[in-house]
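S.K.: Below is one structure. I have some questions about it.
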Amino acid sequence: MRPIRLASNRPPERFYRGGARISAFRGEESSAPREPEDWIGSTTTIRGEGVLGLTTLPDGRLLRDAIAEDPVSWLGTAHAQRWGADVRLLVKLLDAGQRLPVHAHPDDDFAAAHLGCAHGKAEAWYILKGGTVHVGLQQDVASDVLADLVARQDVDALLGLLHEVAVSPGDVVWVPPGELHAIGAGVLLLELQQPEDLSILLEWDGFAVDGPAEGHLGLGFDLALTAVTRRARTPAELAALVQAAPPDGSVFPAAADRYFRLERRPVRDALTIEPGFAIVVVSDGVVELAGERYAAGATVLLPAAAGRIEVRGAAELLVARPPAALGRTAESTGFRPG
């Protein structure tokens, strides 16, 4: 097996606007006005859909089906022994053409108990083009107060509950399950998340979605809002959620490791990527990877069976991986100098 260049995988007619910044980043022609997400190496469908969201390989197979047929070759022995064909990762490029609504995602226990899903939805972002994000409560909020704001669609009050933080390229934002958040207009980011499409929407005015019918995941808001964290974030806690990524190495807080991992790797002549399933995004520069040239905006899928991958050039790579099947200390970080 060899590295696989991945084409864009952009589900159409999403409920919010965006997509032009993804096109510019990838060097593609302008997109439709509601293609704000590129689902990279996806084995996950959009909620309620049969195949929409899934990645198709160059040979015509769905990546989901290929992995199910041979999880060891794609994901590695340790991963397959622990989790089977469950990749446990979804990677996206996201372009907020408008501010996203205030929303949150359920955790594993809630998703299993009430939605019959194998995962909740933790997520984290690596900022490619900066702007403003809203994350975490400024003060505790009572359940009845939150429910009333949602029922009345008091958008100013809902947004005002959250910390507003300016972010720049190279910053990272960790969004644990349950955390209220919204991405500001103009932000382009790389998102790692658990492989589910589960959002509890607290606002919907101006978005192409029927919030009263769909915003609560079919559970009703009385139940859905119990999945939302209502405790305030202190300044120290907020600083742990939003911070600058180190110039080299793991970029997300340790709390994210149980869900997914992201490495920021500068290439200054040569680098070796150790074996293991990974999705590589060339965020800057040009590299030669396994004998093929990749420029900024390219995305590459690395099957575990591809082995060690030699990289040469002058660039920056973002390398996304599932959680370590053997734990953080037992498994290689995935890189060594070339």
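In the structure tokens, chains take letters A, B, ... by order of appearance, with residues numbered from 1 within each chain and ligands from 1 in the order shown.
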Excluding Ala278 (chain A) and any residue of its chain fewer than 3 positions from it, enumerate the residues within 12 Å of it, using only C-alpha atoms, and give them as a PyMOL selection string.
M.R.: chain A and resi 3-4+40-42+74-76+87-91+192+260-263+273-275+281+299-309+317-324+333-335
S.K.: Please write the residues from the selection above to a file, keeping N, CA and C atoms, as a tab-separated table (two decimals), in the first residue's frame.
M.R.:
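Okay, this is what ended up in selection-v7.tsv:
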chain	number	residue	atom	x	y	z
A	3	PRO	N	0.94	5.84	-0.04
A	3	PRO	CA	0.17	7.05	0.27
A	3	PRO	C	-0.82	7.36	-0.86
A	4	ILE	N	-1.97	7.93	-0.48
A	4	ILE	CA	-3.04	8.20	-1.43
A	4	ILE	C	-3.37	9.68	-1.40
A	40	ILE	N	-12.13	14.99	5.03
A	40	ILE	CA	-10.90	14.40	4.52
A	40	ILE	C	-10.72	12.98	5.05
A	41	GLY	N	-10.59	12.03	4.12
A	41	GLY	CA	-10.39	10.64	4.55
A	41	GLY	C	-11.52	10.15	5.43
A	42	SER	N	-12.75	10.45	5.04
A	42	SER	CA	-13.92	10.24	5.91
A	42	SER	C	-14.53	8.85	5.77
A	74	TRP	N	-4.91	-1.13	6.90
A	74	TRP	CA	-5.21	0.30	6.90
A	74	TRP	C	-4.87	0.97	8.23
A	75	LEU	N	-5.22	0.32	9.34
A	75	LEU	CA	-5.16	0.97	10.64
A	75	LEU	C	-4.03	0.48	11.53
A	76	GLY	N	-3.41	-0.65	11.18
A	76	GLY	CA	-2.34	-1.20	12.00
A	76	GLY	C	-2.87	-2.27	12.94
A	87	VAL	N	-12.21	3.71	12.67
A	87	VAL	CA	-11.07	4.61	12.52
A	87	VAL	C	-10.95	5.56	13.71
A	88	ARG	N	-12.06	5.92	14.31
A	88	ARG	CA	-12.11	6.79	15.50
A	88	ARG	C	-11.61	8.21	15.21
A	89	LEU	N	-11.79	8.66	13.97
A	89	LEU	CA	-11.29	9.98	13.60
A	89	LEU	C	-12.04	10.49	12.39
A	90	LEU	N	-12.39	11.78	12.43
A	90	LEU	CA	-12.86	12.49	11.25
A	90	LEU	C	-12.09	13.80	11.18
A	91	VAL	N	-11.53	14.10	10.01
A	91	VAL	CA	-10.75	15.31	9.78
A	91	VAL	C	-11.49	16.17	8.76
A	192	LEU	N	-10.19	18.30	13.87
A	192	LEU	CA	-10.19	16.88	14.19
A	192	LEU	C	-11.34	16.63	15.15
A	260	PHE	N	-8.07	11.88	19.66
A	260	PHE	CA	-7.35	12.07	18.40
A	260	PHE	C	-6.05	12.80	18.71
A	261	ARG	N	-5.15	12.85	17.71
A	261	ARG	CA	-3.85	13.51	17.88
A	261	ARG	C	-3.53	14.31	16.62
A	262	LEU	N	-2.88	15.45	16.81
A	262	LEU	CA	-2.40	16.24	15.69
A	262	LEU	C	-0.98	16.69	15.95
A	263	GLU	N	-0.11	16.45	14.97
A	263	GLU	CA	1.28	16.87	15.04
A	263	GLU	C	1.53	17.98	14.01
A	273	ILE	N	8.14	9.89	8.50
A	273	ILE	CA	6.89	9.65	9.22
A	273	ILE	C	6.81	8.16	9.52
A	274	GLU	N	6.67	7.83	10.80
A	274	GLU	CA	6.63	6.44	11.21
A	274	GLU	C	5.29	5.79	10.80
A	275	PRO	N	5.25	4.44	10.73
A	275	PRO	CA	4.03	3.76	10.27
A	275	PRO	C	2.82	4.05	11.16
A	281	VAL	N	-1.89	16.94	6.00
A	281	VAL	CA	-2.25	18.18	5.30
A	281	VAL	C	-0.98	19.01	5.15
A	299	THR	N	-3.82	17.08	0.51
A	299	THR	CA	-4.15	16.18	1.60
A	299	THR	C	-3.80	14.76	1.17
A	300	VAL	N	-3.19	14.00	2.09
A	300	VAL	CA	-2.66	12.68	1.77
A	300	VAL	C	-3.08	11.69	2.85
A	301	LEU	N	-3.58	10.55	2.44
A	301	LEU	CA	-3.94	9.47	3.35
A	301	LEU	C	-2.80	8.47	3.42
A	302	LEU	N	-2.35	8.16	4.63
A	302	LEU	CA	-1.29	7.19	4.83
A	302	LEU	C	-1.86	5.94	5.49
A	303	PRO	N	-1.99	4.84	4.75
A	303	PRO	CA	-2.37	3.58	5.38
A	303	PRO	C	-1.23	3.07	6.25
A	304	ALA	N	-1.54	2.34	7.31
A	304	ALA	CA	-0.49	1.81	8.18
A	304	ALA	C	0.48	0.94	7.41
A	305	ALA	N	-0.03	0.15	6.45
A	305	ALA	CA	0.81	-0.78	5.71
A	305	ALA	C	1.76	-0.09	4.75
A	306	ALA	N	1.62	1.22	4.57
A	306	ALA	CA	2.57	1.94	3.73
A	306	ALA	C	3.94	2.03	4.37
A	307	GLY	N	4.01	1.77	5.69
A	307	GLY	CA	5.28	1.77	6.38
A	307	GLY	C	5.82	3.17	6.60
A	308	ARG	N	7.15	3.25	6.82
A	308	ARG	CA	7.78	4.55	7.03
A	308	ARG	C	7.75	5.35	5.74
A	309	ILE	N	7.43	6.62	5.87
A	309	ILE	CA	7.31	7.49	4.71
A	309	ILE	C	8.40	8.56	4.78
A	317	LEU	N	3.90	20.39	7.72
A	317	LEU	CA	2.89	19.34	7.64
A	317	LEU	C	2.06	19.34	8.91
A	318	LEU	N	0.78	19.08	8.75
A	318	LEU	CA	-0.12	18.79	9.86
A	318	LEU	C	-0.53	17.33	9.71
A	319	VAL	N	-0.24	16.53	10.71
A	319	VAL	CA	-0.46	15.09	10.60
A	319	VAL	C	-1.46	14.65	11.67
A	320	ALA	N	-2.63	14.23	11.21
A	320	ALA	CA	-3.72	13.83	12.09
A	320	ALA	C	-3.73	12.31	12.24
A	321	ARG	N	-3.92	11.86	13.47
A	321	ARG	CA	-3.97	10.42	13.74
A	321	ARG	C	-5.11	10.12	14.72
A	322	PRO	N	-5.60	8.88	14.70
A	322	PRO	CA	-6.54	8.45	15.73
A	322	PRO	C	-5.84	8.40	17.08
A	323	PRO	N	-6.59	8.11	18.16
A	323	PRO	CA	-5.92	7.94	19.45
A	323	PRO	C	-4.94	6.77	19.39
A	324	ALA	N	-3.94	6.82	20.24
A	324	ALA	CA	-2.93	5.75	20.27
A	324	ALA	C	-3.52	4.50	20.92
A	333	THR	N	5.66	8.58	18.87
A	333	THR	CA	5.00	9.82	18.50
A	333	THR	C	4.81	9.93	17.00
A	334	GLY	N	5.48	9.09	16.25
A	334	GLY	CA	5.20	9.02	14.82
A	334	GLY	C	6.17	9.72	13.91
A	335	PHE	N	7.26	10.30	14.45
A	335	PHE	CA	8.21	11.03	13.61
A	335	PHE	C	9.62	10.80	14.11
S.K.: Which of region 79-318 of chain A counts as helix (DSSP H, G or I) under DSSP, as a PyMOL selection string please?
M.R.: chain A and resi 79-83+108-115+143-152+155-160+211-214+221-227+235-241+254-256+304-306
S.K.: Only N, CA and C atoms, please: the residues just picked out, written as a short mmCIF file (atom, residue, chain, number, x, y, z; two decimals), in the first residue's frame.
M.R.:
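Ended up saving to out22.cif:
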data_model
loop_
_atom_site.label_atom_id
_atom_site.label_comp_id
_atom_site.auth_asym_id
_atom_site.auth_seq_id
_atom_site.Cartn_x
_atom_site.Cartn_y
_atom_site.Cartn_z
N HIS A 79 -4.25 -1.04 16.57
CA HIS A 79 -5.54 -0.36 16.44
C HIS A 79 -6.64 -1.37 16.13
N ALA A 80 -6.41 -2.24 15.15
CA ALA A 80 -7.43 -3.21 14.74
C ALA A 80 -7.76 -4.18 15.87
N GLN A 81 -6.77 -4.57 16.64
CA GLN A 81 -7.04 -5.48 17.76
C GLN A 81 -7.90 -4.82 18.82
N ARG A 82 -7.72 -3.53 19.03
CA ARG A 82 -8.48 -2.83 20.06
C ARG A 82 -9.83 -2.34 19.58
N TRP A 83 -9.89 -1.80 18.35
CA TRP A 83 -11.10 -1.12 17.89
C TRP A 83 -11.66 -1.66 16.58
N ASP A 108 -19.69 10.73 24.87
CA ASP A 108 -19.87 9.32 24.51
C ASP A 108 -21.07 8.70 25.22
N ASP A 109 -21.17 8.93 26.54
CA ASP A 109 -22.23 8.30 27.32
C ASP A 109 -23.60 8.77 26.85
N PHE A 110 -23.76 10.07 26.64
CA PHE A 110 -25.04 10.59 26.19
C PHE A 110 -25.38 10.05 24.81
N ALA A 111 -24.40 10.04 23.90
CA ALA A 111 -24.64 9.56 22.54
C ALA A 111 -25.04 8.09 22.52
N ALA A 112 -24.40 7.29 23.38
CA ALA A 112 -24.74 5.87 23.44
C ALA A 112 -26.12 5.65 24.04
N ALA A 113 -26.43 6.37 25.12
CA ALA A 113 -27.68 6.15 25.84
C ALA A 113 -28.90 6.66 25.09
N HIS A 114 -28.76 7.78 24.39
CA HIS A 114 -29.93 8.44 23.81
C HIS A 114 -29.97 8.44 22.29
N LEU A 115 -28.83 8.21 21.63
CA LEU A 115 -28.79 8.30 20.18
C LEU A 115 -28.34 7.01 19.51
N SER A 143 -30.14 25.78 34.18
CA SER A 143 -30.77 25.05 33.08
C SER A 143 -32.02 25.74 32.57
N ASP A 144 -32.83 26.32 33.48
CA ASP A 144 -34.06 26.98 33.03
C ASP A 144 -33.76 28.28 32.28
N VAL A 145 -32.70 28.96 32.69
CA VAL A 145 -32.31 30.20 31.99
C VAL A 145 -31.85 29.87 30.57
N LEU A 146 -31.02 28.82 30.45
CA LEU A 146 -30.53 28.43 29.12
C LEU A 146 -31.69 27.99 28.24
N ALA A 147 -32.59 27.20 28.77
CA ALA A 147 -33.74 26.74 27.99
C ALA A 147 -34.60 27.91 27.54
N ASP A 148 -34.76 28.92 28.40
CA ASP A 148 -35.57 30.08 28.04
C ASP A 148 -34.92 30.87 26.91
N LEU A 149 -33.60 31.05 26.95
CA LEU A 149 -32.91 31.77 25.89
C LEU A 149 -33.06 31.06 24.55
N VAL A 150 -33.00 29.73 24.58
CA VAL A 150 -33.17 28.96 23.35
C VAL A 150 -34.61 29.09 22.84
N ALA A 151 -35.57 28.95 23.73
CA ALA A 151 -36.98 29.02 23.33
C ALA A 151 -37.31 30.39 22.73
N ARG A 152 -36.74 31.45 23.27
CA ARG A 152 -37.01 32.80 22.78
C ARG A 152 -36.08 33.21 21.66
N VAL A 155 -30.55 35.56 20.59
CA VAL A 155 -29.21 35.26 20.06
C VAL A 155 -28.14 36.11 20.72
N ASP A 156 -28.41 37.40 20.95
CA ASP A 156 -27.42 38.26 21.57
C ASP A 156 -27.06 37.76 22.96
N ALA A 157 -28.06 37.32 23.70
CA ALA A 157 -27.79 36.83 25.06
C ALA A 157 -27.05 35.50 25.02
N LEU A 158 -27.42 34.63 24.08
CA LEU A 158 -26.72 33.34 23.97
C LEU A 158 -25.25 33.55 23.64
N LEU A 159 -24.99 34.38 22.64
CA LEU A 159 -23.60 34.62 22.26
C LEU A 159 -22.85 35.34 23.39
N GLY A 160 -23.57 36.20 24.09
CA GLY A 160 -22.95 36.94 25.19
C GLY A 160 -22.56 36.08 26.37
N GLY A 211 -34.44 24.64 13.02
CA GLY A 211 -33.94 24.46 14.38
C GLY A 211 -34.92 23.81 15.33
N PRO A 212 -36.19 24.26 15.37
CA PRO A 212 -37.13 23.63 16.30
C PRO A 212 -37.32 22.13 16.05
N ALA A 213 -37.15 21.71 14.79
CA ALA A 213 -37.33 20.29 14.47
C ALA A 213 -36.03 19.50 14.55
N GLU A 214 -34.89 20.13 14.17
CA GLU A 214 -33.64 19.38 14.02
C GLU A 214 -32.56 19.74 15.04
N PHE A 221 -35.66 19.51 23.22
CA PHE A 221 -34.65 20.33 23.87
C PHE A 221 -34.53 20.07 25.37
N ASP A 222 -35.60 19.62 26.02
CA ASP A 222 -35.51 19.34 27.45
C ASP A 222 -34.41 18.32 27.73
N LEU A 223 -34.34 17.28 26.90
CA LEU A 223 -33.31 16.27 27.07
C LEU A 223 -31.99 16.70 26.45
N ALA A 224 -32.03 17.24 25.23
CA ALA A 224 -30.79 17.57 24.53
C ALA A 224 -29.94 18.55 25.31
N LEU A 225 -30.56 19.53 25.96
CA LEU A 225 -29.78 20.54 26.67
C LEU A 225 -29.11 20.00 27.92
N THR A 226 -29.51 18.81 28.39
CA THR A 226 -28.80 18.21 29.53
C THR A 226 -27.39 17.75 29.12
N ALA A 227 -27.11 17.66 27.82
CA ALA A 227 -25.77 17.30 27.35
C ALA A 227 -24.83 18.50 27.31
N PRO A 235 -10.41 31.99 33.71
CA PRO A 235 -9.37 32.42 32.76
C PRO A 235 -8.30 31.36 32.53
N ALA A 236 -7.91 30.66 33.57
CA ALA A 236 -6.90 29.61 33.41
C ALA A 236 -7.43 28.46 32.57
N GLU A 237 -8.67 28.10 32.77
CA GLU A 237 -9.26 27.03 31.97
C GLU A 237 -9.41 27.46 30.52
N LEU A 238 -9.80 28.70 30.31
CA LEU A 238 -9.93 29.20 28.94
C LEU A 238 -8.58 29.19 28.24
N ALA A 239 -7.52 29.53 28.96
CA ALA A 239 -6.18 29.52 28.37
C ALA A 239 -5.75 28.11 27.98
N ALA A 240 -6.30 27.11 28.66
CA ALA A 240 -6.01 25.72 28.29
C ALA A 240 -6.81 25.28 27.07
N LEU A 241 -7.94 25.94 26.83
CA LEU A 241 -8.76 25.61 25.66
C LEU A 241 -8.25 26.28 24.39
N ALA A 254 -3.30 17.50 26.39
CA ALA A 254 -3.27 16.06 26.66
C ALA A 254 -4.67 15.48 26.79
N ALA A 255 -5.65 16.29 27.22
CA ALA A 255 -7.02 15.80 27.37
C ALA A 255 -7.61 15.33 26.05
N ALA A 256 -7.09 15.82 24.92
CA ALA A 256 -7.60 15.42 23.61
C ALA A 256 -7.04 14.09 23.14
N ALA A 304 -1.54 2.34 7.31
CA ALA A 304 -0.49 1.81 8.18
C ALA A 304 0.48 0.94 7.41
N ALA A 305 -0.03 0.15 6.45
CA ALA A 305 0.81 -0.78 5.71
C ALA A 305 1.76 -0.09 4.75
N ALA A 306 1.62 1.22 4.57
CA ALA A 306 2.57 1.94 3.73
C ALA A 306 3.94 2.03 4.37
#
S.K.: Could you tell me how far CA of Ala85 (chain A) sits from CA of Leu326 (chain A), in Å to one decimal place?
M.R.: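 Going from CA of Leu326 (chain A) over to CA of Ala85 (chain A) covers 16.2 Å.
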S.K.: Fewer than 6 positions away in the same chain doesn't count, so skip those; otherwise give me all residues within 8 Å of Arg34 (chain A), counting only C-alpha atoms, as a list in words.
M.R.: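 Contacts, in chain order: Pro12, Glu13, Arg14, Phe15, Tyr16, Arg17, Gly18 and Gly19 of chain A.
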S.K.: May I have the residues from that selection written out with N, CA, C and O atoms, as an mmCIF file, in the first residue's frame?
M.R.:
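Now in part-v3.cif:
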data_model
loop_
_atom_site.group_PDB
_atom_site.id
_atom_site.type_symbol
_atom_site.label_atom_id
_atom_site.label_comp_id
_atom_site.auth_asym_id
_atom_site.auth_seq_id
_atom_site.Cartn_x
_atom_site.Cartn_y
_atom_site.Cartn_z
ATOM 1 N N PRO A 12 -22.543 19.080 -0.373
ATOM 2 C CA PRO A 12 -23.214 20.311 -0.816
ATOM 3 C C PRO A 12 -24.343 20.727 0.120
ATOM 4 O O PRO A 12 -24.850 19.934 0.924
ATOM 5 N N GLU A 13 -24.709 21.986 -0.014
ATOM 6 C CA GLU A 13 -25.907 22.529 0.641
ATOM 7 C C GLU A 13 -25.926 22.292 2.144
ATOM 8 O O GLU A 13 -26.905 21.830 2.712
ATOM 9 N N ARG A 14 -24.821 22.645 2.797
ATOM 10 C CA ARG A 14 -24.796 22.617 4.256
ATOM 11 C C ARG A 14 -25.616 23.795 4.793
ATOM 12 O O ARG A 14 -26.003 24.700 4.058
ATOM 13 N N PHE A 15 -25.863 23.809 6.091
ATOM 14 C CA PHE A 15 -26.806 24.789 6.627
ATOM 15 C C PHE A 15 -26.195 26.169 6.844
ATOM 16 O O PHE A 15 -26.899 27.114 7.187
ATOM 17 N N TYR A 16 -24.878 26.297 6.654
ATOM 18 C CA TYR A 16 -24.247 27.611 6.766
ATOM 19 C C TYR A 16 -23.369 27.865 5.541
ATOM 20 O O TYR A 16 -23.004 26.953 4.807
ATOM 21 N N ARG A 17 -23.032 29.150 5.319
ATOM 22 C CA ARG A 17 -22.291 29.540 4.127
ATOM 23 C C ARG A 17 -20.779 29.375 4.322
ATOM 24 O O ARG A 17 -20.281 29.425 5.436
ATOM 25 N N GLY A 18 -20.079 29.214 3.203
ATOM 26 C CA GLY A 18 -18.630 29.133 3.228
ATOM 27 C C GLY A 18 -18.104 28.224 2.135
ATOM 28 O O GLY A 18 -18.869 27.563 1.433
ATOM 29 N N GLY A 19 -16.796 28.206 1.991
ATOM 30 C CA GLY A 19 -16.146 27.327 1.024
ATOM 31 C C GLY A 19 -15.057 27.982 0.211
ATOM 32 O O GLY A 19 -14.129 27.316 -0.252
#
S.K.: Residues at most 8 Å from Gly215 (chain A), counting only C-alpha atoms, excluding those fewer than 4 positions away in the same chain, as a compact mmCIF listing (two decimals) with N, CA and C atoms, in the first residue's frame?
M.R.:
# COMPACT_ATOMS: atom_id res chain seq x y z
N SER A 199 -24.84 17.58 16.45
CA SER A 199 -24.78 18.95 16.96
C SER A 199 -26.11 19.32 17.59
N ILE A 200 -26.03 19.91 18.77
CA ILE A 200 -27.19 20.47 19.46
C ILE A 200 -27.16 21.97 19.22
N LEU A 201 -28.10 22.47 18.43
CA LEU A 201 -28.12 23.88 18.03
C LEU A 201 -28.94 24.69 19.01
N LEU A 202 -28.34 25.75 19.55
CA LEU A 202 -29.06 26.63 20.45
C LEU A 202 -29.61 27.85 19.73
N ASP A 210 -34.01 23.81 10.07
CA ASP A 210 -35.23 23.91 10.87
C ASP A 210 -34.86 23.61 12.31
N GLY A 211 -34.44 24.64 13.02
CA GLY A 211 -33.94 24.46 14.38
C GLY A 211 -34.92 23.81 15.33
N PHE A 221 -35.66 19.51 23.22
CA PHE A 221 -34.65 20.33 23.87
C PHE A 221 -34.53 20.07 25.37
S.K.: Can you measure CA of Val167 (chain A) to CA of Phe207 (chain A) for me? One decimal in Å is fine.
M.R.: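 If I compute the distance from CA of Val167 (chain A) to CA of Phe207 (chain A), I get 23.8 Å.
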S.K.: Can you pull out the residues contacting Glu288 (chain A)? Cut-off 12 Å, using only C-alpha atoms, and skip same-chain residues under 6 positions away; I want them as a PDB file with N, CA and C atoms, in the first residue's frame.
M.R.:
ATOM      1  N   PRO A   3       0.941   5.840  -0.042  1.00  0.00           N
ATOM      2  CA  PRO A   3       0.167   7.046   0.266  1.00  0.00           C
ATOM      3  C   PRO A   3      -0.821   7.360  -0.860  1.00  0.00           C
ATOM      4  N   VAL A 267       9.246  20.731   7.871  1.00  0.00           N
ATOM      5  CA  VAL A 267      10.184  19.947   7.064  1.00  0.00           C
ATOM      6  C   VAL A 267      11.293  20.889   6.617  1.00  0.00           C
ATOM      7  N   ASP A 269      14.451  20.070   4.878  1.00  0.00           N
ATOM      8  CA  ASP A 269      15.246  19.102   4.120  1.00  0.00           C
ATOM      9  C   ASP A 269      14.606  17.728   4.160  1.00  0.00           C
ATOM     10  N   ALA A 270      14.576  17.044   5.331  1.00  0.00           N
ATOM     11  CA  ALA A 270      14.079  15.664   5.329  1.00  0.00           C
ATOM     12  C   ALA A 270      13.393  15.321   6.643  1.00  0.00           C
ATOM     13  N   LEU A 271      12.442  14.391   6.556  1.00  0.00           N
ATOM     14  CA  LEU A 271      11.681  13.930   7.711  1.00  0.00           C
ATOM     15  C   LEU A 271      11.171  12.527   7.412  1.00  0.00           C
ATOM     16  N   THR A 272      11.074  11.692   8.426  1.00  0.00           N
ATOM     17  CA  THR A 272      10.493  10.362   8.278  1.00  0.00           C
ATOM     18  C   THR A 272       9.233  10.269   9.122  1.00  0.00           C
ATOM     19  N   VAL A 282      -0.675  19.380   3.918  1.00  0.00           N
ATOM     20  CA  VAL A 282       0.462  20.280   3.672  1.00  0.00           C
ATOM     21  C   VAL A 282      -0.054  21.698   3.874  1.00  0.00           C
ATOM     22  N   TYR A 294       3.858  17.283  -3.484  1.00  0.00           N
ATOM     23  CA  TYR A 294       2.646  17.835  -2.889  1.00  0.00           C
ATOM     24  C   TYR A 294       2.911  19.279  -2.476  1.00  0.00           C
ATOM     25  N   ALA A 295       2.019  20.171  -2.904  1.00  0.00           N
ATOM     26  CA  ALA A 295       2.134  21.581  -2.547  1.00  0.00           C
ATOM     27  C   ALA A 295       1.126  21.922  -1.455  1.00  0.00           C
ATOM     28  N   ALA A 296       1.238  23.148  -0.922  1.00  0.00           N
ATOM     29  CA  ALA A 296       0.325  23.613   0.120  1.00  0.00           C
ATOM     30  C   ALA A 296      -1.126  23.396  -0.304  1.00  0.00           C
ATOM     31  N   ALA A 298      -2.550  20.364  -0.247  1.00  0.00           N
ATOM     32  CA  ALA A 298      -2.730  18.947  -0.570  1.00  0.00           C
ATOM     33  C   ALA A 298      -3.050  18.150   0.688  1.00  0.00           C
ATOM     34  N   VAL A 300      -3.191  13.999   2.091  1.00  0.00           N
ATOM     35  CA  VAL A 300      -2.661  12.684   1.772  1.00  0.00           C
ATOM     36  C   VAL A 300      -3.083  11.694   2.847  1.00  0.00           C
ATOM     37  N   ILE A 309       7.426   6.616   5.867  1.00  0.00           N
ATOM     38  CA  ILE A 309       7.311   7.493   4.706  1.00  0.00           C
ATOM     39  C   ILE A 309       8.401   8.556   4.779  1.00  0.00           C
ATOM     40  N   GLU A 310       9.201   8.633   3.731  1.00  0.00           N
ATOM     41  CA  GLU A 310      10.257   9.635   3.658  1.00  0.00           C
ATOM     42  C   GLU A 310       9.693  10.909   3.009  1.00  0.00           C
ATOM     43  N   VAL A 311       9.972  12.042   3.640  1.00  0.00           N
ATOM     44  CA  VAL A 311       9.505  13.337   3.168  1.00  0.00           C
ATOM     45  C   VAL A 311      10.716  14.244   2.971  1.00  0.00           C
ATOM     46  N   ARG A 312      10.740  14.949   1.849  1.00  0.00           N
ATOM     47  CA  ARG A 312      11.813  15.904   1.591  1.00  0.00           C
ATOM     48  C   ARG A 312      11.207  17.202   1.055  1.00  0.00           C
ATOM     49  N   GLY A 313      11.860  18.312   1.397  1.00  0.00           N
ATOM     50  CA  GLY A 313      11.407  19.588   0.899  1.00  0.00           C
ATOM     51  C   GLY A 313      11.526  20.674   1.941  1.00  0.00           C
ATOM     52  N   ALA A 314      10.755  21.727   1.749  1.00  0.00           N
ATOM     53  CA  ALA A 314      10.682  22.838   2.693  1.00  0.00           C
ATOM     54  C   ALA A 314       9.205  23.159   2.865  1.00  0.00           C
ATOM     55  N   ALA A 315       8.656  22.781   3.992  1.00  0.00           N
ATOM     56  CA  ALA A 315       7.206  22.866   4.157  1.00  0.00           C
ATOM     57  C   ALA A 315       6.840  22.726   5.622  1.00  0.00           C
ATOM     58  N   LEU A 317       3.902  20.388   7.717  1.00  0.00           N
ATOM     59  CA  LEU A 317       2.889  19.344   7.638  1.00  0.00           C
ATOM     60  C   LEU A 317       2.059  19.335   8.911  1.00  0.00           C
TER      61      LEU A 317
END
S.K.: I'd like the interatomic distance between CA of Arg10 (chain A) and CA of Leu100 (chain A), to a tenth of an Å.
M.R.: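 Computing the Euclidean distance for CA of Arg10 (chain A) and CA of Leu100 (chain A) yields 17.5 Å.
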S.K.: For each of A:Gly97, A:Ile67, A:Gly186, A:Ala208, take the minimum atom-to-atom distance to Ala32 (chain A), counting only C-alpha atoms, then give the residue where this is smallest.
M.R.: A:Gly97
S.K.: Using only C-alpha atoms, which residues of region 23-106 of chain A come within 10 Å of region 175-184 of chain A, and what is the closest atom pair for each, with the distance in Å to one decimal? Give it as CSV, sorted by chain and residue number.
M.R.:
residue,atom,partner,partner_atom,distance
A:Leu94,CA,A:Ile183,CA,9.7
A:Asp95,CA,A:Ile183,CA,9.4
A:Ala96,CA,A:Gly184,CA,6.7
A:Gly97,CA,A:Gly184,CA,8.6
A:Gln98,CA,A:Gly184,CA,6.9
A:Arg99,CA,A:Gly184,CA,4.3
A:Leu100,CA,A:Ile183,CA,5.3
A:Pro101,CA,A:Ala182,CA,5.7
A:Val102,CA,A:Ala182,CA,4.9
A:His103,CA,A:Leu180,CA,5.5
A:Ala104,CA,A:Leu180,CA,4.8
A:His105,CA,A:Gly178,CA,5.3
A:Pro106,CA,A:Pro177,CA,5.4
S.K.: Residues at most 10 Å from Thr45 (chain A), counting only C-alpha atoms, excluding those fewer than 3 positions away in the same chain, as number ranges by chain?
M.R.: A: 11, 39, 42, 48-55, 64, 195-197
S.K.: Which of region 78-327 of chain A counts as strand (DSSP E) under DSSP, as a ChimeraX atom specification please?
M.R.: /A:90-95,103-104,123-129,131-137,162-167,171-175,181-183,188-193,200-201,242-244,249-250,261-273,278-289,292-295,299-302,309-321
S.K.: For each of A:Lys92, A:Ala78, A:Tyr126, A:Val173, take the minimum atom-to-atom distance to Ile22 (chain A), counting only C-alpha atoms, then give the residue where this is smallest.
M.R.: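 Closest to Ile22 (chain A), using only C-alpha atoms: A:Lys92.
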